[in-house]
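Just data07.cif here, mmCIF, C-alpha atoms:
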```cif
data_model
loop_
_atom_site.label_atom_id
_atom_site.label_comp_id
_atom_site.auth_asym_id
_atom_site.auth_seq_id
_atom_site.Cartn_x
_atom_site.Cartn_y
_atom_site.Cartn_z
CA MET A 1 32.49 -17.14 -42.22
CA LYS A 2 32.72 -13.91 -40.26
CA LYS A 3 29.50 -12.75 -41.85
CA ARG A 4 27.50 -15.91 -41.10
CA LEU A 5 28.32 -16.08 -37.40
CA PRO A 6 26.59 -12.81 -36.38
CA ASP A 7 23.53 -13.87 -38.41
CA TYR A 8 23.51 -17.17 -36.54
CA LYS A 9 23.64 -15.36 -33.21
CA ASP A 10 20.91 -12.97 -34.24
CA PHE A 11 18.66 -15.83 -35.34
CA ILE A 12 18.95 -17.62 -31.98
CA VAL A 13 18.12 -14.46 -30.06
CA HIS A 14 15.22 -13.44 -32.31
CA ILE A 15 13.59 -16.89 -32.26
CA SER A 16 13.98 -17.03 -28.46
CA ILE A 17 12.35 -13.63 -27.97
CA PHE A 18 9.58 -14.49 -30.45
CA CYS A 19 8.74 -17.71 -28.60
CA PHE A 20 9.01 -16.29 -25.08
CA PRO A 21 5.62 -14.47 -24.85
CA ILE A 22 3.89 -17.43 -26.51
CA VAL A 23 5.09 -20.08 -24.07
CA VAL A 24 5.92 -18.25 -20.81
CA ALA A 25 2.40 -18.73 -19.40
CA THR A 26 1.26 -21.71 -21.45
CA VAL A 27 4.09 -24.28 -21.38
CA LYS A 28 5.64 -25.20 -18.04
CA ASN A 29 9.38 -24.44 -17.63
CA SER A 30 9.63 -23.07 -21.18
CA GLY A 31 10.21 -19.49 -20.05
CA GLY A 32 13.00 -20.67 -17.78
CA ILE A 33 14.64 -22.65 -20.58
CA ILE A 34 14.62 -19.62 -22.88
CA ALA A 35 16.00 -17.44 -20.09
CA VAL A 36 18.83 -19.92 -19.43
CA ILE A 37 19.69 -20.04 -23.14
CA LEU A 38 19.87 -16.24 -23.30
CA ILE A 39 21.92 -16.04 -20.10
CA VAL A 40 24.46 -18.58 -21.39
CA LEU A 41 24.73 -16.82 -24.74
CA GLY A 42 25.12 -13.52 -22.90
CA VAL A 43 27.97 -14.90 -20.80
CA ILE A 44 29.70 -16.18 -23.94
CA TRP A 45 29.09 -13.29 -26.32
CA GLY A 46 27.78 -10.28 -24.43
CA TRP A 47 30.49 -9.02 -22.04
CA PRO A 48 32.36 -6.80 -24.57
CA ALA A 49 29.26 -4.58 -24.69
CA TRP A 50 29.75 -3.40 -21.09
CA LYS A 51 32.34 -0.76 -22.04
CA ASN A 52 29.91 0.79 -24.54
CA LEU A 53 26.94 1.14 -22.19
CA HIS A 54 25.57 4.57 -21.36
CA LYS A 55 25.38 5.76 -17.75
CA TRP A 56 21.63 5.28 -17.59
CA GLU A 57 22.02 1.65 -18.66
CA LYS A 58 24.63 0.99 -15.99
CA HIS A 59 22.49 2.69 -13.36
CA LEU A 60 19.65 0.30 -14.18
CA LEU A 61 21.86 -2.80 -14.04
CA PHE A 62 23.65 -1.72 -10.86
CA GLY A 63 20.21 -1.23 -9.32
CA PHE A 64 19.42 -4.88 -10.02
CA ILE A 65 22.64 -5.93 -8.30
CA LEU A 66 21.84 -3.69 -5.31
CA LEU A 67 18.38 -5.24 -5.02
CA PHE A 68 19.81 -8.76 -4.91
CA LEU A 69 22.46 -7.80 -2.35
CA MET A 70 19.84 -6.15 -0.17
CA ALA A 71 17.64 -9.27 -0.32
CA GLY A 72 20.66 -11.47 0.46
CA ILE A 73 21.71 -9.37 3.45
CA SER A 74 18.18 -9.68 4.87
CA LEU A 75 18.84 -13.41 5.39
CA ILE A 76 20.88 -12.39 8.44
CA ASN A 77 17.54 -11.80 10.24
CA THR A 78 15.84 -14.86 8.76
CA GLU A 79 14.88 -17.75 11.03
CA ASN A 80 13.49 -20.00 8.30
CA LEU A 81 16.65 -20.04 6.20
CA HIS A 82 15.36 -22.70 3.79
CA GLU A 83 12.37 -20.55 2.85
CA GLY A 84 14.54 -17.45 2.71
CA VAL A 85 17.00 -19.00 0.27
CA SER A 86 14.08 -20.24 -1.84
CA LYS A 87 12.73 -16.68 -2.10
CA LEU A 88 16.21 -15.30 -2.74
CA GLU A 89 16.31 -17.36 -5.93
CA ARG A 90 13.66 -15.02 -7.41
CA PHE A 91 15.83 -12.01 -6.65
CA LEU A 92 18.81 -13.79 -8.22
CA TYR A 93 17.16 -13.38 -11.62
CA PHE A 94 17.82 -9.62 -11.45
CA PRO A 95 21.64 -9.81 -11.61
CA LEU A 96 21.44 -12.92 -13.82
CA CYS A 97 19.57 -10.92 -16.46
CA ILE A 98 22.56 -8.60 -16.96
CA PRO A 99 24.25 -10.97 -19.48
CA ILE A 100 20.98 -11.03 -21.43
CA TYR A 101 21.00 -7.25 -21.73
CA LEU A 102 24.67 -7.25 -22.71
CA LEU A 103 23.90 -9.89 -25.35
CA PHE A 104 21.25 -7.65 -26.92
CA ARG A 105 23.61 -4.68 -26.86
CA GLU A 106 26.62 -6.57 -28.23
CA LEU A 107 24.65 -7.94 -31.18
CA LYS A 108 23.12 -4.46 -31.74
CA ILE A 109 19.72 -5.92 -32.56
CA GLU A 110 16.29 -4.44 -31.87
CA THR A 111 14.23 -7.27 -30.41
CA GLY A 112 11.24 -5.12 -29.47
CA LYS A 113 9.38 -5.77 -32.73
CA THR A 114 10.26 -9.46 -32.54
CA LEU A 115 8.60 -9.61 -29.14
CA LEU A 116 5.63 -7.76 -30.65
CA LEU A 117 5.18 -10.49 -33.26
CA GLY A 118 5.34 -13.09 -30.51
CA ALA A 119 2.75 -11.12 -28.52
CA VAL A 120 0.34 -11.14 -31.47
CA VAL A 121 0.64 -14.91 -31.83
CA ALA A 122 0.44 -15.31 -28.06
CA GLY A 123 -2.89 -13.47 -27.95
CA PHE A 124 -4.54 -16.22 -30.01
CA VAL A 125 -2.64 -19.03 -28.25
CA LEU A 126 -3.69 -17.78 -24.81
CA LEU A 127 -7.34 -17.59 -25.85
CA ALA A 128 -7.20 -21.07 -27.41
CA GLN A 129 -5.75 -22.53 -24.21
CA ALA A 130 -8.28 -20.69 -22.04
CA LEU A 131 -11.20 -21.95 -24.11
CA TYR A 132 -9.78 -25.49 -24.07
CA GLU A 133 -9.42 -25.51 -20.30
CA ILE A 134 -12.92 -24.18 -19.69
CA ASN A 135 -14.90 -25.94 -22.43
CA VAL A 136 -13.02 -29.24 -22.75
CA LEU A 137 -11.45 -29.73 -19.33
CA THR A 138 -14.49 -28.06 -17.68
CA ALA A 139 -12.26 -25.95 -15.43
CA ASP A 140 -13.78 -23.06 -13.51
CA TYR A 141 -11.17 -20.68 -14.86
CA ALA A 142 -8.14 -20.64 -17.16
CA GLU A 143 -4.80 -20.96 -15.40
CA GLY A 144 -2.34 -21.93 -18.12
CA ALA A 145 0.82 -23.79 -17.14
CA TYR A 146 1.14 -22.35 -13.64
CA HIS A 147 -1.56 -20.22 -12.05
CA LYS A 148 -4.46 -18.06 -13.14
CA ILE A 149 -2.72 -14.90 -11.88
CA ILE A 150 0.30 -15.51 -14.12
CA PHE A 151 -1.93 -16.40 -17.06
CA GLY A 152 -4.22 -13.38 -16.69
CA ASP A 153 -1.47 -10.84 -16.03
CA ILE A 154 0.71 -11.93 -18.95
CA ALA A 155 -2.31 -11.86 -21.28
CA MET A 156 -3.17 -8.29 -20.24
CA ILE A 157 0.41 -7.03 -20.62
CA LEU A 158 0.73 -8.56 -24.09
CA ALA A 159 -2.59 -7.03 -25.15
CA LEU A 160 -1.40 -3.57 -24.12
CA ILE A 161 1.95 -4.00 -25.90
CA ILE A 162 0.00 -4.67 -29.10
CA VAL A 163 -2.10 -1.56 -28.41
CA ALA A 164 1.14 0.44 -28.04
CA ALA A 165 2.27 -0.80 -31.45
CA MET A 166 -1.03 0.20 -33.09
CA LEU A 167 -0.76 3.68 -31.56
CA THR A 168 2.83 4.35 -32.63
CA LEU A 169 3.77 2.26 -35.70
CA GLU A 170 2.43 2.84 -39.19
CA LYS A 171 1.35 -0.44 -40.78
CA PRO A 172 -1.11 -1.61 -43.47
CA MET A 173 -4.76 -1.93 -42.50
CA TRP A 174 -4.60 -5.73 -42.35
CA CYS A 175 -1.94 -5.47 -39.63
CA TYR A 176 -4.26 -3.31 -37.54
CA LEU A 177 -7.10 -5.80 -38.01
CA ILE A 178 -4.91 -8.68 -36.86
CA GLY A 179 -3.71 -6.55 -33.96
CA ILE A 180 -7.26 -5.76 -32.86
CA ALA A 181 -8.16 -9.45 -33.02
CA ALA A 182 -5.07 -10.35 -30.99
CA VAL A 183 -5.85 -7.69 -28.37
CA CYS A 184 -9.44 -8.89 -28.00
CA SER A 185 -8.25 -12.49 -27.74
CA ALA A 186 -5.67 -11.71 -25.06
CA VAL A 187 -8.07 -9.57 -23.02
CA TYR A 188 -10.76 -12.25 -23.20
CA ALA A 189 -8.21 -14.86 -22.12
CA SER A 190 -7.44 -12.65 -19.12
CA VAL A 191 -11.17 -12.40 -18.36
CA LEU A 192 -11.49 -16.19 -18.50
CA SER A 193 -8.66 -16.47 -15.97
CA GLN A 194 -10.79 -14.46 -13.49
CA THR A 195 -7.70 -12.51 -12.40
CA ARG A 196 -9.18 -9.33 -11.00
CA GLY A 197 -5.79 -7.73 -10.40
CA SER A 198 -5.08 -7.69 -14.14
CA TRP A 199 -8.40 -5.97 -14.90
CA LEU A 200 -7.39 -3.07 -12.64
CA LEU A 201 -4.69 -2.23 -15.19
CA LEU A 202 -7.17 -1.48 -17.99
CA PRO A 203 -8.64 1.82 -16.68
CA ILE A 204 -5.20 2.91 -15.43
CA ALA A 205 -3.67 2.20 -18.86
CA LEU A 206 -6.49 4.11 -20.56
CA VAL A 207 -5.94 7.19 -18.42
CA GLY A 208 -2.17 6.92 -18.91
CA LEU A 209 -2.45 6.66 -22.69
CA LEU A 210 -4.76 9.67 -22.86
CA TRP A 211 -2.22 11.62 -20.81
CA LEU A 212 0.75 10.58 -22.93
CA PHE A 213 -1.06 11.45 -26.17
CA ARG A 214 -2.72 14.60 -24.79
CA HIS A 215 -0.79 17.00 -27.05
CA GLY A 216 -1.65 15.03 -30.18
CA ILE A 217 -5.37 14.70 -29.48
CA SER A 218 -7.81 17.38 -30.58
CA ARG A 219 -10.70 18.49 -28.36
CA ARG A 220 -13.11 16.55 -30.56
CA ASN A 221 -11.05 13.35 -30.28
CA TRP A 222 -10.75 13.87 -26.53
CA LEU A 223 -14.54 13.88 -26.28
CA LEU A 224 -14.75 10.82 -28.50
CA ALA A 225 -12.17 8.96 -26.38
CA ILE A 226 -13.94 9.83 -23.13
CA SER A 227 -17.33 8.86 -24.61
CA ALA A 228 -15.95 5.56 -25.88
CA SER A 229 -14.45 4.84 -22.45
CA VAL A 230 -17.76 5.56 -20.75
CA VAL A 231 -19.56 3.27 -23.19
CA ILE A 232 -17.02 0.44 -22.78
CA PHE A 233 -16.86 0.52 -19.00
CA GLY A 234 -20.57 1.25 -18.74
CA GLY A 235 -21.24 -1.83 -20.87
CA LEU A 236 -19.08 -3.90 -18.55
CA ALA A 237 -20.91 -2.49 -15.55
CA VAL A 238 -24.43 -3.34 -16.75
CA GLY A 239 -23.68 -6.77 -18.19
CA LEU A 240 -25.66 -9.07 -15.90
CA ASN A 241 -23.95 -12.22 -17.16
CA ASN A 242 -20.56 -10.59 -17.56
CA PRO A 243 -17.82 -12.49 -15.69
CA VAL A 244 -15.93 -9.26 -15.05
CA GLN A 245 -18.90 -7.57 -13.43
CA ARG A 246 -19.79 -10.74 -11.52
CA HIS A 247 -16.33 -11.04 -9.97
CA ILE A 248 -16.17 -7.32 -9.22
CA ASN A 249 -19.45 -7.67 -7.34
CA ILE A 250 -18.03 -10.67 -5.47
CA GLY A 251 -14.99 -8.60 -4.52
CA ILE A 252 -17.18 -5.76 -3.23
CA GLU A 253 -19.25 -8.17 -1.16
CA GLU A 254 -16.09 -9.74 0.25
CA LEU A 255 -14.76 -6.35 1.30
CA LYS A 256 -18.05 -5.48 2.98
CA ALA A 257 -18.04 -8.81 4.81
CA HIS A 258 -14.45 -8.22 5.93
CA LEU A 259 -15.28 -4.80 7.35
CA GLU A 260 -18.15 -6.32 9.34
CA ASP A 261 -16.18 -9.38 10.47
CA PRO A 262 -12.39 -9.50 9.86
CA SER A 263 -12.37 -13.22 10.61
CA HIS A 264 -14.74 -13.93 7.71
CA ILE A 265 -12.85 -16.11 5.20
CA SER A 266 -12.84 -14.80 1.63
CA SER A 267 -10.30 -13.96 -1.07
CA TRP A 268 -10.21 -10.22 -0.41
CA GLY A 269 -10.74 -10.68 3.31
CA GLU A 270 -7.65 -12.85 3.56
CA ARG A 271 -5.65 -10.31 1.57
CA MET A 272 -6.69 -7.50 3.88
CA ASN A 273 -5.67 -9.61 6.86
CA MET A 274 -2.32 -10.40 5.24
CA TRP A 275 -1.69 -6.69 4.72
CA ASN A 276 -2.62 -5.94 8.34
CA ASP A 277 -0.22 -8.68 9.46
CA SER A 278 2.50 -7.17 7.25
CA ILE A 279 2.21 -3.86 9.09
CA ALA A 280 2.29 -5.65 12.46
CA ILE A 281 5.41 -7.58 11.42
CA TRP A 282 7.05 -4.43 10.06
CA LYS A 283 6.50 -2.53 13.32
CA ALA A 284 8.59 -5.14 15.13
CA SER A 285 11.57 -4.49 12.80
CA PRO A 286 10.87 -1.29 10.84
CA ILE A 287 14.24 -0.59 9.16
CA PHE A 288 15.49 -3.93 7.81
CA GLY A 289 12.42 -6.14 8.23
CA THR A 290 11.96 -9.58 9.71
CA GLY A 291 14.07 -11.26 7.02
CA LEU A 292 13.32 -12.77 3.63
CA GLY A 293 11.27 -15.97 4.02
CA ASP A 294 9.96 -15.34 7.55
CA PHE A 295 6.54 -13.97 6.64
CA ALA A 296 4.77 -17.32 7.09
CA GLY A 297 6.40 -17.97 10.47
CA ASP A 298 5.61 -14.52 11.79
CA SER A 299 2.02 -14.80 10.55
CA ALA A 300 1.69 -18.12 12.37
CA GLU A 301 2.83 -16.43 15.59
CA LEU A 302 0.29 -13.64 15.12
CA ILE A 303 -2.45 -16.23 14.58
CA ALA A 304 -1.39 -18.14 17.70
CA ASP A 305 -1.49 -14.91 19.73
CA ASN A 306 -4.99 -14.10 18.37
CA ILE A 307 -3.64 -10.89 16.82
CA SER A 308 -4.20 -12.01 13.23
CA HIS A 309 -7.57 -12.87 11.70
CA LEU A 310 -6.02 -15.08 9.01
CA SER A 311 -7.41 -18.59 8.66
CA LYS A 312 -3.88 -19.95 8.08
CA PRO A 313 -0.34 -18.58 7.52
CA TYR A 314 0.70 -17.69 3.97
CA ARG A 315 4.16 -17.63 2.38
CA HIS A 316 3.84 -14.00 1.24
CA ALA A 317 1.59 -11.00 1.77
CA HIS A 318 -0.14 -11.20 -1.63
CA SER A 319 1.29 -7.76 -2.41
CA VAL A 320 4.79 -6.91 -3.57
CA TYR A 321 4.85 -3.79 -1.42
CA PHE A 322 3.43 -5.16 1.83
CA ASP A 323 5.58 -8.28 1.54
CA ALA A 324 8.73 -6.18 1.04
CA LEU A 325 7.76 -3.91 3.93
CA ALA A 326 7.41 -6.87 6.31
CA THR A 327 10.39 -8.97 5.22
CA LEU A 328 12.86 -6.34 3.98
CA GLY A 329 11.77 -3.36 6.06
CA LEU A 330 11.41 0.25 5.02
CA PHE A 331 14.93 0.31 3.56
CA GLY A 332 14.27 -2.77 1.45
CA LEU A 333 10.92 -1.44 0.24
CA VAL A 334 12.54 1.81 -0.93
CA VAL A 335 15.35 -0.05 -2.72
CA LEU A 336 12.84 -2.36 -4.42
CA VAL A 337 10.52 0.43 -5.58
CA VAL A 338 13.37 2.58 -6.85
CA CYS A 339 15.37 -0.15 -8.61
CA VAL A 340 12.50 -2.21 -10.01
CA PHE A 341 10.00 0.52 -10.91
CA CYS A 342 11.18 4.13 -10.55
CA VAL A 343 14.47 3.95 -12.47
CA PRO A 344 13.01 2.06 -15.49
CA LEU A 345 9.94 4.32 -15.45
CA TYR A 346 12.13 7.42 -15.47
CA ILE A 347 14.23 6.11 -18.37
CA PHE A 348 11.27 5.12 -20.55
CA TYR A 349 9.34 8.33 -19.84
CA SER A 350 12.41 10.43 -20.62
CA PHE A 351 12.81 8.79 -24.01
CA TRP A 352 9.08 9.08 -24.66
CA ASN A 353 9.41 12.86 -24.30
CA ALA A 354 12.76 13.14 -26.08
CA CYS A 355 12.20 10.91 -29.14
CA ASN A 356 9.91 11.35 -32.10
CA THR A 357 10.70 8.36 -34.33
CA ALA A 358 7.99 5.71 -34.54
CA SER A 359 10.20 2.86 -33.37
CA LEU A 360 11.52 4.72 -30.34
CA ARG A 361 8.02 5.79 -29.37
CA PHE A 362 6.86 2.19 -29.57
CA TYR A 363 9.77 0.93 -27.48
CA SER A 364 9.38 3.62 -24.82
CA LEU A 365 5.58 3.31 -24.66
CA SER A 366 5.80 -0.48 -24.35
CA GLY A 367 8.38 -0.07 -21.60
CA LEU A 368 6.09 2.30 -19.73
CA ILE A 369 3.23 -0.19 -20.03
CA ILE A 370 5.38 -3.01 -18.67
CA VAL A 371 6.67 -1.04 -15.67
CA VAL A 372 3.30 0.46 -14.77
CA GLY A 373 1.54 -2.84 -15.40
CA PHE A 374 3.72 -4.87 -13.07
CA ALA A 375 3.64 -2.05 -10.50
CA VAL A 376 -0.16 -2.23 -10.56
CA PHE A 377 -0.13 -6.03 -10.37
CA GLY A 378 2.08 -5.71 -7.30
CA LEU A 379 -0.65 -3.86 -5.42
CA THR A 380 -2.71 -7.02 -4.93
CA GLU A 381 -0.36 -9.80 -6.06
CA GLY A 382 2.98 -11.06 -4.80
CA TRP A 383 4.39 -11.65 -8.27
CA LEU A 384 7.99 -11.41 -7.03
CA SER A 385 7.38 -14.81 -5.42
CA ARG A 386 6.53 -16.34 -8.82
CA SER A 387 9.59 -17.06 -10.96
CA ALA A 388 7.63 -17.03 -14.23
CA MET A 389 6.44 -13.49 -13.54
CA VAL A 390 9.91 -12.28 -12.56
CA LYS A 391 11.39 -13.70 -15.77
CA ALA A 392 8.61 -12.17 -17.86
CA TYR A 393 9.08 -8.73 -16.30
CA LEU A 394 12.85 -8.73 -16.73
CA ILE A 395 12.94 -10.04 -20.29
CA PHE A 396 10.14 -7.74 -21.45
CA LEU A 397 11.84 -4.79 -19.74
CA LEU A 398 15.33 -5.48 -21.13
CA VAL A 399 14.04 -6.19 -24.64
CA PHE A 400 12.58 -2.69 -24.95
CA MET A 401 15.38 -0.99 -23.01
CA SER A 402 18.05 -2.50 -25.28
CA SER A 403 15.97 -1.77 -28.38
CA ILE A 404 16.00 1.92 -27.46
CA ALA A 405 19.78 1.93 -26.98
CA ASN A 406 20.48 -0.04 -30.16
CA HIS A 407 18.09 2.05 -32.24
CA MET A 408 19.82 5.23 -31.07
CA ALA A 409 23.24 3.76 -31.88
CA LYS A 410 22.17 3.02 -35.46
CA GLN A 411 21.03 6.59 -36.13
CA GLN A 412 23.23 9.29 -37.61
CA PRO A 413 25.69 10.85 -35.17
CA SER A 414 23.96 14.24 -35.22
CA ARG A 415 20.63 12.66 -34.34
CA SER A 416 22.20 10.62 -31.52
CA VAL A 417 23.76 13.76 -30.05
CA GLU A 418 20.41 15.53 -30.29
CA LEU A 419 18.61 12.71 -28.49
CA ALA A 420 21.24 12.51 -25.78
CA THR A 421 21.07 16.29 -25.29
CA LEU A 422 17.29 16.19 -24.96
CA PHE A 423 17.51 13.31 -22.49
CA PHE A 424 19.96 15.06 -20.19
CA ARG A 425 18.16 18.41 -20.46
CA LEU A 426 15.01 16.70 -19.24
CA LYS A 427 17.01 15.02 -16.49
CA SER A 428 18.40 18.38 -15.33
CA ARG A 429 14.96 19.99 -15.40
CA TRP A 430 13.46 17.20 -13.27
CA ARG A 431 16.29 17.58 -10.76
CA LYS A 432 15.58 21.31 -10.43
CA MET A 433 11.85 20.66 -10.01
CA TYR A 434 12.30 18.15 -7.18
CA SER A 435 15.36 19.62 -5.46
#
```
Show me, as structure tokens, the structure contained in the file I just sent.
Amino acid sequence: MKKRLPDYKDFIVHISIFCFPIVVATVKNSGGIIAVILIVLGVIWGWPAWKNLHKWEKHLLFGFILLFLMAGISLINTENLHEGVSKLERFLYFPLCIPIYLLFRELKIETGKTLLLGAVVAGFVLLAQALYEINVLTADYAEGAYHKIIFGDIAMILALIIVAAMLTLEKPMWCYLIGIAAVCSAVYASVLSQTRGSWLLLPIALVGLLWLFRHGISRRNWLLAISASVVIFGGLAVGLNNPVQRHINIGIEELKAHLEDPSHISSWGERMNMWNDSIAIWKASPIFGTGLGDFAGDSAELIADNISHLSKPYRHAHSVYFDALATLGLFGLVVLVVCVFCVPLYIFYSFWNACNTASLRFYSLSGLIIVVGFAVFGLTEGWLSRSAMVKAYLIFLLVFMSSIANHMAKQQPSRSVELATLFFRLKSRWRKMYS
């Protein structure tokens, strides 16, 4: 009986993580249901793991708590309390995800490869749904269960996770062929969503991967990689009927029109105006911001005073960073960037440099892709205002973070000591460099 119970727990967690990337952008409320299941299981089974966490794990989780407290305190300045509480619910997911992480650590299971299998299946599912919406429902673009931004961003992240697996894990040739097909399917699904913010991640990811693998690439392969990149992006650039090129051209024209007339209504023009309004709002309360949930009200006042060129007030600034600057102030922006992006990025990059096993390299590379990907999405998208995106970021992040910790724990003691020593040596060297 004692042997069956852990297997039963493991099965529930693995099937949940496998299904999550498949349904999070395609089936409404499914991602939330899986998150609730994992949270409840974490509350029941996960708490004993807290005493065994490393310092770097606790730093990450305490950062999530700090972020939520900072967002909650900002409600003191909020006039529209109903909207502020609604936005605070998204920040609540950060501390709520702690039981999920403890669940993974208590069961000592590596869910990173389970998520990878789900990502492969999701690549084909996302493409099938995109084609159905466009060809059968005659929609202008694919939007999945929620919104085209969620659909396109999730598809791009999953495609790059599969790429990370193909670059780090040794598998039979048929696995690589399936992986390539899944990557192409997910990327094409993202293209059909017409989410330009997700396409920005591709060249950044390419440059990042070349940098990470720079020591393992010969001069000849460097030239081949650069040539292939030029051919790929050059092909995208000259494709007259290419939806990517067409929407890039639309974006360029919109920016030109905005520079000539800021009141001209367009997608990019409205974003530029929202960012300008964010700076104006921030200047009125630079340290702690105007308060979570007050962006729309303050924008309405700027429009009424003929200071803003927006056609109407919006609930957020269409950028994680500008929205945080306006509503949470400079202090809140720093806390958000450090806790949500910098700390996880530092941890994953440290393990990327310190570890040489295939599994650890896959987990750390996938983690880097997730953090950088969502940081890039945040430049032009307010994904912290979308609960599906927040859940996806946190679960993806904690899956690979816990997989690293559990993989290290399963290794021989000498190897674990060696990895820990390398990690803290790198940490000390970075402190000396930036002190």
Checklist line | Atom pair CA of Ser185 in chain A / CA of Tyr349 in chain A: separation (Å) | finding: 28.4 Å
Check: Near Thr380 in chain A, counting only C-alpha atoms, which residues have an atom at most 12 Å away, once you skip same-chain residues fewer than 4 positions from it, shown as a PyMOL selection string?
Finding: chain A and resi 149+153+195-201+267-268+270-272+274-275+316-323+374-376+384
With C-alpha atoms retained, export the selected residues as a short mmCIF file (atom, residue, chain, number, x, y, z; two decimals), keeping the file's coordinate frame.
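Below is the file that was written, selection.cif:
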```cif
data_model
loop_
_atom_site.label_atom_id
_atom_site.label_comp_id
_atom_site.auth_asym_id
_atom_site.auth_seq_id
_atom_site.Cartn_x
_atom_site.Cartn_y
_atom_site.Cartn_z
CA ILE A 149 -2.72 -14.90 -11.88
CA ASP A 153 -1.47 -10.84 -16.03
CA THR A 195 -7.70 -12.51 -12.40
CA ARG A 196 -9.18 -9.33 -11.00
CA GLY A 197 -5.79 -7.73 -10.40
CA SER A 198 -5.08 -7.69 -14.14
CA TRP A 199 -8.40 -5.97 -14.90
CA LEU A 200 -7.39 -3.07 -12.64
CA LEU A 201 -4.69 -2.23 -15.19
CA SER A 267 -10.30 -13.96 -1.07
CA TRP A 268 -10.21 -10.22 -0.41
CA GLU A 270 -7.65 -12.85 3.56
CA ARG A 271 -5.65 -10.31 1.57
CA MET A 272 -6.69 -7.50 3.88
CA MET A 274 -2.32 -10.40 5.24
CA TRP A 275 -1.69 -6.69 4.72
CA HIS A 316 3.84 -14.00 1.24
CA ALA A 317 1.59 -11.00 1.77
CA HIS A 318 -0.14 -11.20 -1.63
CA SER A 319 1.29 -7.76 -2.41
CA VAL A 320 4.79 -6.91 -3.57
CA TYR A 321 4.85 -3.79 -1.42
CA PHE A 322 3.43 -5.16 1.83
CA ASP A 323 5.58 -8.28 1.54
CA PHE A 374 3.72 -4.87 -13.07
CA ALA A 375 3.64 -2.05 -10.50
CA VAL A 376 -0.16 -2.23 -10.56
CA LEU A 384 7.99 -11.41 -7.03
#
```
With the file shown as input, list the residues that the PyMOL selection byres ((chain A and resi 61) around 9) selects, as a PDB file with C-alpha atoms, keeping the file's coordinate frame.
```pdb
ATOM      1  CA  TRP A  56      21.630   5.280 -17.590  1.00  0.00           C
ATOM      2  CA  GLU A  57      22.020   1.650 -18.660  1.00  0.00           C
ATOM      3  CA  LYS A  58      24.630   0.990 -15.990  1.00  0.00           C
ATOM      4  CA  HIS A  59      22.490   2.690 -13.360  1.00  0.00           C
ATOM      5  CA  LEU A  60      19.650   0.300 -14.180  1.00  0.00           C
ATOM      6  CA  PHE A  62      23.650  -1.720 -10.860  1.00  0.00           C
ATOM      7  CA  GLY A  63      20.210  -1.230  -9.320  1.00  0.00           C
ATOM      8  CA  PHE A  64      19.420  -4.880 -10.020  1.00  0.00           C
ATOM      9  CA  ILE A  65      22.640  -5.930  -8.300  1.00  0.00           C
ATOM     10  CA  LEU A  66      21.840  -3.690  -5.310  1.00  0.00           C
ATOM     11  CA  PHE A  94      17.820  -9.620 -11.450  1.00  0.00           C
ATOM     12  CA  PRO A  95      21.640  -9.810 -11.610  1.00  0.00           C
ATOM     13  CA  CYS A  97      19.570 -10.920 -16.460  1.00  0.00           C
ATOM     14  CA  ILE A  98      22.560  -8.600 -16.960  1.00  0.00           C
ATOM     15  CA  TYR A 101      21.000  -7.250 -21.730  1.00  0.00           C
ATOM     16  CA  CYS A 339      15.370  -0.150  -8.610  1.00  0.00           C
TER      17      CYS A 339
END
```
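Across the model, the gap from CA of Ile22 in chain A to CA of Val187 in chain A is 14.7 Å.
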Margin query: Taking 6 positions as the minimum chain separation for residues in the same chain, which residues sit within 9 Å of range 174-182 of chain A when counting only C-alpha atoms? Answer as a PyMOL selection string.
Written below: chain A and resi 119-124+159+162-163+165-166
Next item on the list: Decode the PyMOL selection byres ((chain A and resi 71) around 8) for the given file into explicit residues and return them as a list in words.
Entry: Leu67, Phe68, Leu69, Met70, Gly72, Ile73, Ser74, Leu75, Leu88, Phe91, Leu292, Leu328 and Gly332 of chain A
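Checking A:Val136, A:Ile150, A:Leu192, A:Leu310 one by one against Phe377 in chain A, counting all atoms listed in the file, you find the shortest gap at A:Ile150.
Proximity of A:Gly32, A:Gly112, A:Pro48, A:Gly208 to Asn406 in chain A, computed with only C-alpha atoms, is greatest for A:Gly112.
Closest to Ile100 in chain A among A:Gly289, A:Leu398, A:Leu117, A:Leu302 is A:Leu398, based on all atoms listed in the file.
For the pair CA of Ala35 in chain A and CA of Arg361 in chain A, the interatomic distance is 26.3 Å.
Among the candidates A:Leu127, A:Val340, A:Met173, A:Ala205, the residue lying nearest to Ile157 in chain A is A:Ala205 (atoms considered: all atoms listed in the file).
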Check: When the PyMOL selection byres ((chain A and resi 400) around 10) is applied to the file above, which residues end up in the set, as JSON, numbers by chain?
Finding: {"A": [110, 111, 112, 113, 115, 348, 360, 362, 363, 364, 365, 366, 367, 368, 370, 395, 396, 397, 398, 399, 401, 402, 403, 404, 405, 406]}
Note to self: Taking 2 positions as the minimum chain separation for residues in the same chain, which residues sit within 9 Å of Phe331 in chain A when counting all atoms listed in the file? Answer as a ChimeraX atom specification.
What the structure shows: /A:70,286-289,325,328-329,333-336
Next item on the list: Excluding Val24 in chain A and residues on its chain fewer than 2 positions from it, collect all residues at most 12 Å away from it, counting only C-alpha atoms, and give them as a PyMOL selection string.
Entry: chain A and resi 16-22+26-35+118-119+122+125-126+144-147+150-155+158+387-393+395-396
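In this comparison, which uses only C-alpha atoms, the residue of A:Ala409, A:Tyr132, A:Arg105, A:Leu330 approaching Asp10 in chain A most closely is A:Arg105.
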